[in-house]
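Dumped coords_11.cif below, it's mmCIF, C-alpha atoms; chains and numbers go by the auth columns:
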```cif
data_entry
#
loop_
_atom_site.group_PDB
_atom_site.id
_atom_site.type_symbol
_atom_site.label_atom_id
_atom_site.label_comp_id
_atom_site.label_asym_id
_atom_site.label_seq_id
_atom_site.Cartn_x
_atom_site.Cartn_y
_atom_site.Cartn_z
_atom_site.B_iso_or_equiv
_atom_site.auth_seq_id
_atom_site.auth_asym_id
ATOM 1 C CA MET A 1 0.000 0.000 0.000 0.00 20 A
ATOM 2 C CA ARG A 2 1.064 3.565 -0.580 0.00 21 A
ATOM 3 C CA LEU A 3 0.414 4.563 3.049 0.00 22 A
ATOM 4 C CA ASN A 4 3.878 3.421 4.148 0.00 23 A
ATOM 5 C CA ALA A 5 5.709 4.353 0.913 0.00 24 A
ATOM 6 C CA ASN A 6 7.602 7.177 2.637 0.00 25 A
ATOM 7 C CA THR A 7 7.906 5.663 6.125 0.00 26 A
ATOM 8 C CA LEU A 8 11.031 4.291 7.823 0.00 27 A
ATOM 9 C CA LEU A 9 10.694 2.749 11.270 0.00 28 A
ATOM 10 C CA GLN A 10 13.898 2.478 13.279 0.00 29 A
ATOM 11 C CA GLY A 11 14.054 0.054 16.187 0.00 30 A
ATOM 12 C CA LYS A 12 16.917 -1.320 18.272 0.00 31 A
ATOM 13 C CA LYS A 13 17.567 -4.481 16.276 0.00 32 A
ATOM 14 C CA VAL A 14 15.755 -3.840 12.998 0.00 33 A
ATOM 15 C CA VAL A 15 14.904 -1.027 10.633 0.00 34 A
ATOM 16 C CA LEU A 16 11.714 -1.356 8.582 0.00 35 A
ATOM 17 C CA VAL A 17 11.629 0.249 5.132 0.00 36 A
ATOM 18 C CA PRO A 18 9.046 0.075 2.321 0.00 37 A
ATOM 19 C CA TYR A 19 9.490 -2.710 -0.232 0.00 38 A
ATOM 20 C CA THR A 20 10.913 -1.027 -3.356 0.00 39 A
ATOM 21 C CA SER A 21 12.332 -2.229 -6.661 0.00 40 A
ATOM 22 C CA GLU A 22 15.817 -1.900 -5.128 0.00 41 A
ATOM 23 C CA HIS A 23 15.026 -4.819 -2.801 0.00 42 A
ATOM 24 C CA VAL A 24 13.603 -7.226 -5.399 0.00 43 A
ATOM 25 C CA PRO A 25 16.837 -8.969 -6.551 0.00 44 A
ATOM 26 C CA ARG A 26 17.786 -10.002 -2.997 0.00 45 A
ATOM 27 C CA TYR A 27 14.213 -10.997 -2.205 0.00 46 A
ATOM 28 C CA HIS A 28 14.065 -13.074 -5.380 0.00 47 A
ATOM 29 C CA GLU A 29 17.324 -14.761 -4.406 0.00 48 A
ATOM 30 C CA TRP A 30 15.861 -15.727 -1.020 0.00 49 A
ATOM 31 C CA MET A 31 12.742 -17.206 -2.541 0.00 50 A
ATOM 32 C CA GLN A 32 14.725 -19.726 -4.577 0.00 51 A
ATOM 33 C CA SER A 33 15.288 -21.541 -1.257 0.00 52 A
ATOM 34 C CA GLU A 34 13.161 -24.665 -0.969 0.00 53 A
ATOM 35 C CA GLU A 35 13.103 -24.231 2.813 0.00 54 A
ATOM 36 C CA LEU A 36 11.641 -20.705 2.544 0.00 55 A
ATOM 37 C CA GLN A 37 9.173 -21.842 -0.120 0.00 56 A
ATOM 38 C CA ARG A 38 7.983 -24.540 2.276 0.00 57 A
ATOM 39 C CA LEU A 39 7.831 -22.267 5.331 0.00 58 A
ATOM 40 C CA THR A 40 5.975 -19.513 3.466 0.00 59 A
ATOM 41 C CA ALA A 41 3.852 -21.815 1.262 0.00 60 A
ATOM 42 C CA SER A 42 5.205 -19.962 -1.792 0.00 61 A
ATOM 43 C CA GLU A 43 5.905 -20.904 -5.380 0.00 62 A
ATOM 44 C CA PRO A 44 9.175 -19.746 -6.991 0.00 63 A
ATOM 45 C CA LEU A 45 8.772 -16.750 -9.319 0.00 64 A
ATOM 46 C CA SER A 46 10.979 -15.381 -12.066 0.00 65 A
ATOM 47 C CA LEU A 47 12.764 -12.094 -11.378 0.00 66 A
ATOM 48 C CA GLU A 48 10.338 -10.353 -13.759 0.00 67 A
ATOM 49 C CA GLN A 49 7.361 -11.825 -11.874 0.00 68 A
ATOM 50 C CA GLU A 50 8.889 -10.740 -8.558 0.00 69 A
ATOM 51 C CA HIS A 51 9.197 -7.153 -9.842 0.00 70 A
ATOM 52 C CA ALA A 52 5.549 -7.262 -10.964 0.00 71 A
ATOM 53 C CA MET A 53 4.546 -8.583 -7.538 0.00 72 A
ATOM 54 C CA GLN A 54 6.430 -5.761 -5.788 0.00 73 A
ATOM 55 C CA ARG A 55 4.645 -3.167 -7.953 0.00 74 A
ATOM 56 C CA SER A 56 1.225 -4.706 -7.314 0.00 75 A
ATOM 57 C CA TRP A 57 1.786 -4.892 -3.557 0.00 76 A
ATOM 58 C CA ARG A 58 2.804 -1.233 -3.507 0.00 77 A
ATOM 59 C CA GLU A 59 -0.515 -0.315 -5.130 0.00 78 A
ATOM 60 C CA ASP A 60 -2.725 -2.779 -3.215 0.00 79 A
ATOM 61 C CA ALA A 61 -4.667 -1.051 -0.414 0.00 80 A
ATOM 62 C CA ASP A 62 -5.068 -4.400 1.383 0.00 81 A
ATOM 63 C CA LYS A 63 -1.348 -5.204 1.755 0.00 82 A
ATOM 64 C CA CYS A 64 1.239 -3.404 3.878 0.00 83 A
ATOM 65 C CA THR A 65 4.823 -4.623 3.513 0.00 84 A
ATOM 66 C CA PHE A 66 8.099 -3.567 5.083 0.00 85 A
ATOM 67 C CA ILE A 67 11.523 -4.987 4.328 0.00 86 A
ATOM 68 C CA VAL A 68 13.440 -5.835 7.506 0.00 87 A
ATOM 69 C CA LEU A 69 17.013 -4.520 7.696 0.00 88 A
ATOM 70 C CA ASP A 70 19.575 -5.538 10.313 0.00 89 A
ATOM 71 C CA ALA A 71 19.925 -2.279 12.282 0.00 90 A
ATOM 72 C CA GLN A 72 23.469 -3.132 13.351 0.00 91 A
ATOM 73 C CA GLN A 73 24.636 -3.540 9.746 0.00 92 A
ATOM 74 C CA TRP A 74 22.609 -0.567 8.528 0.00 93 A
ATOM 75 C CA GLN A 75 24.103 1.782 11.139 0.00 94 A
ATOM 76 C CA ALA A 76 27.655 0.415 10.851 0.00 95 A
ATOM 77 C CA ARG A 77 27.796 0.901 7.091 0.00 96 A
ATOM 78 C CA PRO A 78 26.523 4.393 6.255 0.00 97 A
ATOM 79 C CA GLY A 79 26.054 4.825 2.544 0.00 98 A
ATOM 80 C CA SER A 80 25.798 1.073 1.930 0.00 99 A
ATOM 81 C CA THR A 81 22.883 -0.274 -0.056 0.00 100 A
ATOM 82 C CA GLU A 82 19.836 -1.468 1.831 0.00 101 A
ATOM 83 C CA GLU A 83 19.999 -4.658 -0.210 0.00 102 A
ATOM 84 C CA GLY A 84 23.181 -5.604 1.655 0.00 103 A
ATOM 85 C CA CYS A 85 21.457 -5.171 5.039 0.00 104 A
ATOM 86 C CA MET A 86 18.232 -7.032 4.210 0.00 105 A
ATOM 87 C CA VAL A 87 17.280 -9.938 6.477 0.00 106 A
ATOM 88 C CA GLY A 88 13.586 -10.501 5.723 0.00 107 A
ATOM 89 C CA ASP A 89 10.153 -8.928 5.506 0.00 108 A
ATOM 90 C CA VAL A 90 7.026 -8.361 7.583 0.00 109 A
ATOM 91 C CA ASN A 91 3.504 -8.062 6.167 0.00 110 A
ATOM 92 C CA LEU A 92 -0.056 -7.133 7.038 0.00 111 A
ATOM 93 C CA PHE A 93 -2.965 -8.386 4.922 0.00 112 A
ATOM 94 C CA LEU A 94 -6.445 -6.914 5.365 0.00 113 A
ATOM 95 C CA THR A 95 -8.268 -10.180 4.734 0.00 114 A
ATOM 96 C CA ASP A 96 -11.862 -9.327 5.751 0.00 115 A
ATOM 97 C CA PRO A 97 -13.642 -6.924 3.339 0.00 116 A
ATOM 98 C CA GLY A 98 -16.397 -6.504 5.915 0.00 117 A
ATOM 99 C CA ASP A 99 -14.049 -5.597 8.770 0.00 118 A
ATOM 100 C CA PRO A 100 -11.011 -3.399 7.972 0.00 119 A
ATOM 101 C CA THR A 101 -9.845 -3.623 11.605 0.00 120 A
ATOM 102 C CA VAL A 102 -8.719 -7.266 11.189 0.00 121 A
ATOM 103 C CA ALA A 103 -5.412 -8.208 9.557 0.00 122 A
ATOM 104 C CA GLU A 104 -3.280 -11.278 9.036 0.00 123 A
ATOM 105 C CA ILE A 105 0.358 -10.715 9.997 0.00 124 A
ATOM 106 C CA GLU A 106 3.401 -12.657 8.890 0.00 125 A
ATOM 107 C CA VAL A 107 7.157 -12.312 9.232 0.00 126 A
ATOM 108 C CA MET A 108 10.068 -13.955 7.450 0.00 127 A
ATOM 109 C CA ILE A 109 13.691 -13.783 8.593 0.00 128 A
ATOM 110 C CA ALA A 110 15.263 -15.171 5.446 0.00 129 A
ATOM 111 C CA GLU A 111 18.926 -14.903 6.409 0.00 130 A
ATOM 112 C CA PRO A 112 19.770 -18.020 8.469 0.00 131 A
ATOM 113 C CA SER A 113 22.600 -16.229 10.318 0.00 132 A
ATOM 114 C CA CYS A 114 20.119 -13.597 11.550 0.00 133 A
ATOM 115 C CA ARG A 115 17.623 -16.017 13.105 0.00 134 A
ATOM 116 C CA GLY A 116 17.398 -16.478 16.842 0.00 135 A
ATOM 117 C CA ARG A 117 18.533 -12.912 17.579 0.00 136 A
ATOM 118 C CA GLY A 118 15.125 -11.371 18.254 0.00 137 A
ATOM 119 C CA LEU A 119 14.908 -9.549 14.918 0.00 138 A
ATOM 120 C CA GLY A 120 11.618 -11.223 13.981 0.00 139 A
ATOM 121 C CA THR A 121 10.118 -10.432 17.384 0.00 140 A
ATOM 122 C CA GLU A 122 10.923 -6.730 17.148 0.00 141 A
ATOM 123 C CA ALA A 123 9.762 -6.573 13.512 0.00 142 A
ATOM 124 C CA VAL A 124 6.381 -8.068 14.439 0.00 143 A
ATOM 125 C CA LEU A 125 5.947 -5.739 17.434 0.00 144 A
ATOM 126 C CA MET A 126 6.797 -2.720 15.276 0.00 145 A
ATOM 127 C CA MET A 127 4.401 -3.835 12.538 0.00 146 A
ATOM 128 C CA MET A 128 1.600 -4.472 15.053 0.00 147 A
ATOM 129 C CA ALA A 129 2.082 -1.016 16.583 0.00 148 A
ATOM 130 C CA TYR A 130 2.053 0.510 13.098 0.00 149 A
ATOM 131 C CA GLY A 131 -1.142 -1.383 12.243 0.00 150 A
ATOM 132 C CA VAL A 132 -2.885 -0.281 15.433 0.00 151 A
ATOM 133 C CA SER A 133 -1.839 3.380 15.236 0.00 152 A
ATOM 134 C CA LYS A 134 -1.961 3.973 11.458 0.00 153 A
ATOM 135 C CA LEU A 135 -4.538 1.464 10.185 0.00 154 A
ATOM 136 C CA GLY A 136 -6.859 1.258 13.180 0.00 155 A
ATOM 137 C CA LEU A 137 -6.420 -2.492 13.563 0.00 156 A
ATOM 138 C CA THR A 138 -7.970 -4.221 16.586 0.00 157 A
ATOM 139 C CA ARG A 139 -7.329 -7.900 15.849 0.00 158 A
ATOM 140 C CA PHE A 140 -4.414 -9.810 14.365 0.00 159 A
ATOM 141 C CA GLU A 141 -4.340 -13.300 12.919 0.00 160 A
ATOM 142 C CA ALA A 142 -1.282 -15.422 12.175 0.00 161 A
ATOM 143 C CA LYS A 143 -1.250 -18.656 10.174 0.00 162 A
ATOM 144 C CA ILE A 144 1.831 -20.770 10.823 0.00 163 A
ATOM 145 C CA GLY A 145 2.899 -24.107 9.376 0.00 164 A
ATOM 146 C CA GLN A 146 2.652 -26.853 12.014 0.00 165 A
ATOM 147 C CA GLY A 147 6.347 -27.646 11.717 0.00 166 A
ATOM 148 C CA ASN A 148 7.490 -24.037 12.084 0.00 167 A
ATOM 149 C CA GLU A 149 8.234 -24.159 15.814 0.00 168 A
ATOM 150 C CA ALA A 150 10.244 -20.914 15.804 0.00 169 A
ATOM 151 C CA SER A 151 7.342 -18.862 14.398 0.00 170 A
ATOM 152 C CA LEU A 152 4.782 -20.537 16.662 0.00 171 A
ATOM 153 C CA HIS A 153 6.922 -19.705 19.687 0.00 172 A
ATOM 154 C CA LEU A 154 7.430 -16.124 18.480 0.00 173 A
ATOM 155 C CA PHE A 155 3.705 -15.388 18.157 0.00 174 A
ATOM 156 C CA GLN A 156 2.752 -17.180 21.374 0.00 175 A
ATOM 157 C CA LYS A 157 5.394 -15.090 23.163 0.00 176 A
ATOM 158 C CA LEU A 158 3.627 -11.990 21.784 0.00 177 A
ATOM 159 C CA HIS A 159 0.312 -12.976 23.437 0.00 178 A
ATOM 160 C CA PHE A 160 -1.255 -14.687 20.395 0.00 179 A
ATOM 161 C CA ALA A 161 -3.527 -17.619 21.305 0.00 180 A
ATOM 162 C CA GLN A 162 -4.063 -20.715 19.178 0.00 181 A
ATOM 163 C CA VAL A 163 -7.649 -20.904 17.874 0.00 182 A
ATOM 164 C CA ALA A 164 -7.551 -23.574 15.155 0.00 183 A
ATOM 165 C CA VAL A 165 -5.468 -26.318 13.586 0.00 184 A
ATOM 166 C CA SER A 166 -5.938 -27.429 9.968 0.00 185 A
ATOM 167 C CA GLU A 167 -4.681 -30.942 9.336 0.00 186 A
ATOM 168 C CA VAL A 168 -5.445 -30.482 5.633 0.00 187 A
ATOM 169 C CA PHE A 169 -3.211 -27.416 5.281 0.00 188 A
ATOM 170 C CA GLN A 170 -0.862 -28.456 8.130 0.00 189 A
ATOM 171 C CA GLU A 171 -1.425 -24.995 9.591 0.00 190 A
ATOM 172 C CA VAL A 172 -2.037 -23.439 13.000 0.00 191 A
ATOM 173 C CA THR A 173 -4.133 -20.249 13.303 0.00 192 A
ATOM 174 C CA LEU A 174 -3.478 -17.844 16.172 0.00 193 A
ATOM 175 C CA HIS A 175 -5.355 -14.670 17.137 0.00 194 A
ATOM 176 C CA LEU A 176 -4.660 -11.594 19.216 0.00 195 A
ATOM 177 C CA THR A 177 -7.394 -9.106 20.078 0.00 196 A
ATOM 178 C CA VAL A 178 -5.998 -5.674 20.939 0.00 197 A
ATOM 179 C CA SER A 179 -7.789 -4.854 24.187 0.00 198 A
ATOM 180 C CA GLU A 180 -6.805 -1.686 26.036 0.00 199 A
ATOM 181 C CA PRO A 181 -4.236 -3.545 28.200 0.00 200 A
ATOM 182 C CA GLU A 182 -2.781 -5.182 25.064 0.00 201 A
ATOM 183 C CA ARG A 183 -2.632 -1.807 23.349 0.00 202 A
ATOM 184 C CA GLN A 184 -0.750 -0.272 26.283 0.00 203 A
ATOM 185 C CA TRP A 185 1.642 -3.240 26.375 0.00 204 A
ATOM 186 C CA LEU A 186 2.271 -2.891 22.633 0.00 205 A
ATOM 187 C CA LEU A 187 2.949 0.845 22.891 0.00 206 A
ATOM 188 C CA GLU A 188 5.357 0.248 25.793 0.00 207 A
ATOM 189 C CA GLU A 189 7.204 -2.473 23.860 0.00 208 A
ATOM 190 C CA THR A 190 7.679 -0.119 20.898 0.00 209 A
ATOM 191 C CA CYS A 191 8.162 3.236 22.650 0.00 210 A
ATOM 192 C CA HIS A 192 11.789 3.290 21.445 0.00 211 A
ATOM 193 C CA VAL A 193 10.809 3.102 17.768 0.00 212 A
ATOM 194 C CA ALA A 194 11.464 6.243 15.713 0.00 213 A
ATOM 195 C CA GLU A 195 9.392 6.992 12.617 0.00 214 A
ATOM 196 C CA LYS A 196 11.302 8.897 9.947 0.00 215 A
ATOM 197 C CA PRO A 197 10.693 9.959 6.336 0.00 216 A
ATOM 198 C CA TYR A 198 11.993 7.388 3.870 0.00 217 A
ATOM 199 C CA ARG A 199 13.723 8.127 0.610 0.00 218 A
ATOM 200 C CA ALA A 200 14.818 5.080 -1.344 0.00 219 A
ATOM 201 C CA SER A 201 18.030 5.338 -3.310 0.00 220 A
ATOM 202 C CA THR A 202 16.063 3.963 -6.248 0.00 221 A
ATOM 203 C CA ALA A 203 13.173 6.248 -7.139 0.00 222 A
ATOM 204 C CA GLU A 204 9.861 4.447 -7.440 0.00 223 A
ATOM 205 C CA PRO A 205 7.572 5.256 -10.364 0.00 224 A
ATOM 206 C CA HIS A 206 4.329 7.005 -9.470 0.00 225 A
#
```
Give the structure from the file, written as structure tokens.
Amino acid sequence: MRLNANTLLQGKKVVLVPYTSEHVPRYHEWMQSEELQRLTASEPLSLEQEHAMQRSWREDADKCTFIVLDAQQWQARPGSTEEGCMVGDVNLFLTDPGDPTVAEIEVMIAEPSCRGRGLGTEAVLMMMAYGVSKLGLTRFEAKIGQGNEASLHLFQKLHFAQVAVSEVFQEVTLHLTVSEPERQWLLEETCHVAEKPYRASTAEPH
């Protein structure tokens, strides 16, 4: 969506930036991995198809995507390309046309060396806070493959509760309703996050 096209969110461990054409080659490289295809239930795309997907997601009012950068790398290498600091992505999907306050959330830390460091946890917290404050979201849903123990643990740690298991799709569905106590907890967990204007080194077409 265009809402976050000029937004950079800076946390302690990660920096979230909009998904631009500059990021597509690295993203495409990741998605050749059979492990990531399995974990994300994705089919491999050509580079041209990946560019088309990036453009469509930027225009789609129902999808909000940020690329996750390793903050340590990003800050240690001023002037370096974002592509070299990319570790994954985090997404919101407005899946219910009748209720725009509900969204599915997903995160992918694609770089194996960056897993287990809390980057995914901070990225999800930052994205949830963004969804609550900017999109008016009140409920989140996460669908995780049954074998993806790391993601299941991540979302359960962030107060998501399991509500369904699909043996057909080998998938677990978790929900989090943002009550007032949950909202306060979320704001406290992300009070360190700085929102800044974003300018990609590669200009996006309008």
Would you mind listing what lies within 10 Å of Leu88 in chain A as JSON, numbers by chain, with only C-alpha atoms counted and same-chain residues fewer than 2 positions away left out? {"A": [29, 32, 33, 34, 35, 36, 85, 86, 90, 91, 92, 93, 101, 102, 103, 104, 105, 106, 107, 108, 128, 138, 142]}
Please enumerate the residues selected by the PyMOL selection byres ((chain A and resi 59-67) around 8) when evaluated against the supplied file, formatted as a PyMOL selection string. chain A and resi 43-44+47+50-51+55-58+68-71+127
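Using only C-alpha atoms, the nearest neighbour of Leu154 in chain A within the list A:Gln181, A:Thr120, A:Thr114, A:Gln73 is A:Thr120.
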Computed interatomic separation between CA of Glu160 in chain A and CA of Leu113 in chain A (Å):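 So the answer is 10.1 Å.
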Do you know which residues are at most 12 Å from Trp204 in chain A counting all atoms listed in the file, after dropping those on the same chain fewer than 6 positions away, and could you put them as a ChimeraX atom specification? /A:144,147-148,177-178,197-198,210
Apply the PyMOL selection byres ((chain A and resi 189) around 12) to the file shown and report the selected residues as a VMD selection string. chain A and resid 57 to 58 60 162 to 167 183 to 188 190 to 192
Can you work out the spacing between CA of Asp115 in chain A and CA of Leu193 in chain A in Å, to one decimal? 15.9 Å
Since I can't run it myself right now, could you work out what the PyMOL selection byres ((chain A and resi 195) around 6) selects here and report it as a CSV table (one decimal) with C-alpha atoms, keeping the file's coordinate frame?
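Listed below is the output, selection_35.csv:
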```csv
chain,number,residue,atom,x,y,z
A,158,ARG,CA,-7.3,-7.9,15.8
A,159,PHE,CA,-4.4,-9.8,14.4
A,179,PHE,CA,-1.3,-14.7,20.4
A,194,HIS,CA,-5.4,-14.7,17.1
A,196,THR,CA,-7.4,-9.1,20.1
```
Which distance in Å separates CA of Ser152 in chain A and CA of Glu78 in chain A, to one decimal?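 The value is 20.7 Å.
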Working from the structure I just supplied, which lacks atoms in range 188-224 of chain A, can you model N, CA and C atoms there and output them as a compact mmCIF listing (two decimals), keeping the file's coordinate frame?
```
# COMPACT_ATOMS: atom_id res chain seq x y z
N PHE A 188 -4.24 -28.37 5.70
CA PHE A 188 -3.21 -27.42 5.28
C PHE A 188 -1.96 -27.47 6.18
N GLN A 189 -2.00 -28.35 7.20
CA GLN A 189 -0.86 -28.46 8.13
C GLN A 189 -0.52 -27.08 8.70
N GLU A 190 -1.55 -26.40 9.22
CA GLU A 190 -1.42 -25.00 9.59
C GLU A 190 -2.11 -24.73 10.93
N VAL A 191 -1.48 -23.87 11.72
CA VAL A 191 -2.04 -23.44 13.00
C VAL A 191 -2.44 -21.97 12.87
N THR A 192 -3.66 -21.64 13.32
CA THR A 192 -4.13 -20.25 13.30
C THR A 192 -4.13 -19.70 14.72
N LEU A 193 -3.54 -18.52 14.88
CA LEU A 193 -3.48 -17.84 16.17
C LEU A 193 -4.09 -16.46 16.05
N HIS A 194 -4.72 -15.99 17.13
CA HIS A 194 -5.36 -14.67 17.14
C HIS A 194 -4.84 -13.83 18.30
N LEU A 195 -4.88 -12.54 18.13
CA LEU A 195 -4.66 -11.59 19.22
C LEU A 195 -5.64 -10.44 19.06
N THR A 196 -6.49 -10.25 20.05
CA THR A 196 -7.39 -9.11 20.08
C THR A 196 -6.73 -7.99 20.88
N VAL A 197 -6.70 -6.80 20.30
CA VAL A 197 -6.00 -5.67 20.94
C VAL A 197 -6.94 -4.96 21.89
N SER A 198 -7.04 -5.51 23.12
CA SER A 198 -7.79 -4.85 24.19
C SER A 198 -6.98 -3.65 24.65
N GLU A 199 -7.54 -2.87 25.55
CA GLU A 199 -6.80 -1.69 26.04
C GLU A 199 -5.51 -2.08 26.75
N PRO A 200 -5.52 -3.13 27.60
CA PRO A 200 -4.24 -3.54 28.20
C PRO A 200 -3.22 -4.01 27.15
N GLU A 201 -3.69 -4.73 26.12
CA GLU A 201 -2.78 -5.18 25.06
C GLU A 201 -2.23 -3.99 24.29
N ARG A 202 -3.07 -3.01 24.07
CA ARG A 202 -2.63 -1.81 23.35
C ARG A 202 -1.54 -1.08 24.13
N GLN A 203 -1.75 -0.94 25.45
CA GLN A 203 -0.75 -0.27 26.28
C GLN A 203 0.56 -1.05 26.31
N TRP A 204 0.45 -2.39 26.40
CA TRP A 204 1.64 -3.24 26.38
C TRP A 204 2.40 -3.07 25.06
N LEU A 205 1.66 -3.03 23.95
CA LEU A 205 2.27 -2.89 22.63
C LEU A 205 2.98 -1.55 22.50
N LEU A 206 2.33 -0.49 22.97
CA LEU A 206 2.95 0.84 22.89
C LEU A 206 4.21 0.92 23.76
N GLU A 207 4.17 0.26 24.92
CA GLU A 207 5.36 0.25 25.79
C GLU A 207 6.51 -0.52 25.14
N GLU A 208 6.18 -1.64 24.49
CA GLU A 208 7.20 -2.47 23.86
C GLU A 208 7.86 -1.78 22.66
N THR A 209 7.17 -0.79 22.10
CA THR A 209 7.68 -0.12 20.90
C THR A 209 7.91 1.38 21.11
N CYS A 210 8.00 1.80 22.38
CA CYS A 210 8.16 3.24 22.65
C CYS A 210 9.51 3.77 22.15
N HIS A 211 10.47 2.88 21.92
CA HIS A 211 11.79 3.29 21.44
C HIS A 211 11.84 3.49 19.93
N VAL A 212 10.80 3.08 19.23
CA VAL A 212 10.81 3.10 17.77
C VAL A 212 10.66 4.53 17.25
N ALA A 213 11.52 4.91 16.32
CA ALA A 213 11.46 6.24 15.71
C ALA A 213 10.92 6.13 14.30
N GLU A 214 9.93 6.94 13.98
CA GLU A 214 9.39 6.99 12.62
C GLU A 214 10.03 8.17 11.88
N LYS A 215 10.60 7.88 10.72
CA LYS A 215 11.30 8.90 9.95
C LYS A 215 10.83 8.87 8.50
N PRO A 216 11.02 9.98 7.77
CA PRO A 216 10.69 9.96 6.34
C PRO A 216 11.67 9.07 5.59
N TYR A 217 11.16 8.32 4.63
CA TYR A 217 11.99 7.39 3.87
C TYR A 217 12.19 7.90 2.46
N ARG A 218 13.43 7.81 2.01
CA ARG A 218 13.72 8.13 0.61
C ARG A 218 14.59 7.00 0.07
N ALA A 219 14.05 6.19 -0.78
CA ALA A 219 14.82 5.08 -1.34
C ALA A 219 15.85 5.62 -2.30
N SER A 220 16.97 4.92 -2.37
CA SER A 220 18.03 5.34 -3.31
C SER A 220 17.58 5.12 -4.75
N THR A 221 16.64 4.20 -4.92
CA THR A 221 16.06 3.96 -6.25
C THR A 221 14.68 4.58 -6.26
N ALA A 222 14.48 5.59 -7.08
CA ALA A 222 13.17 6.25 -7.14
C ALA A 222 12.10 5.29 -7.66
N GLU A 223 10.97 5.30 -7.01
CA GLU A 223 9.86 4.45 -7.44
C GLU A 223 8.99 5.23 -8.42
N PRO A 224 8.48 4.56 -9.46
CA PRO A 224 7.57 5.26 -10.36
C PRO A 224 6.23 5.54 -9.68
```
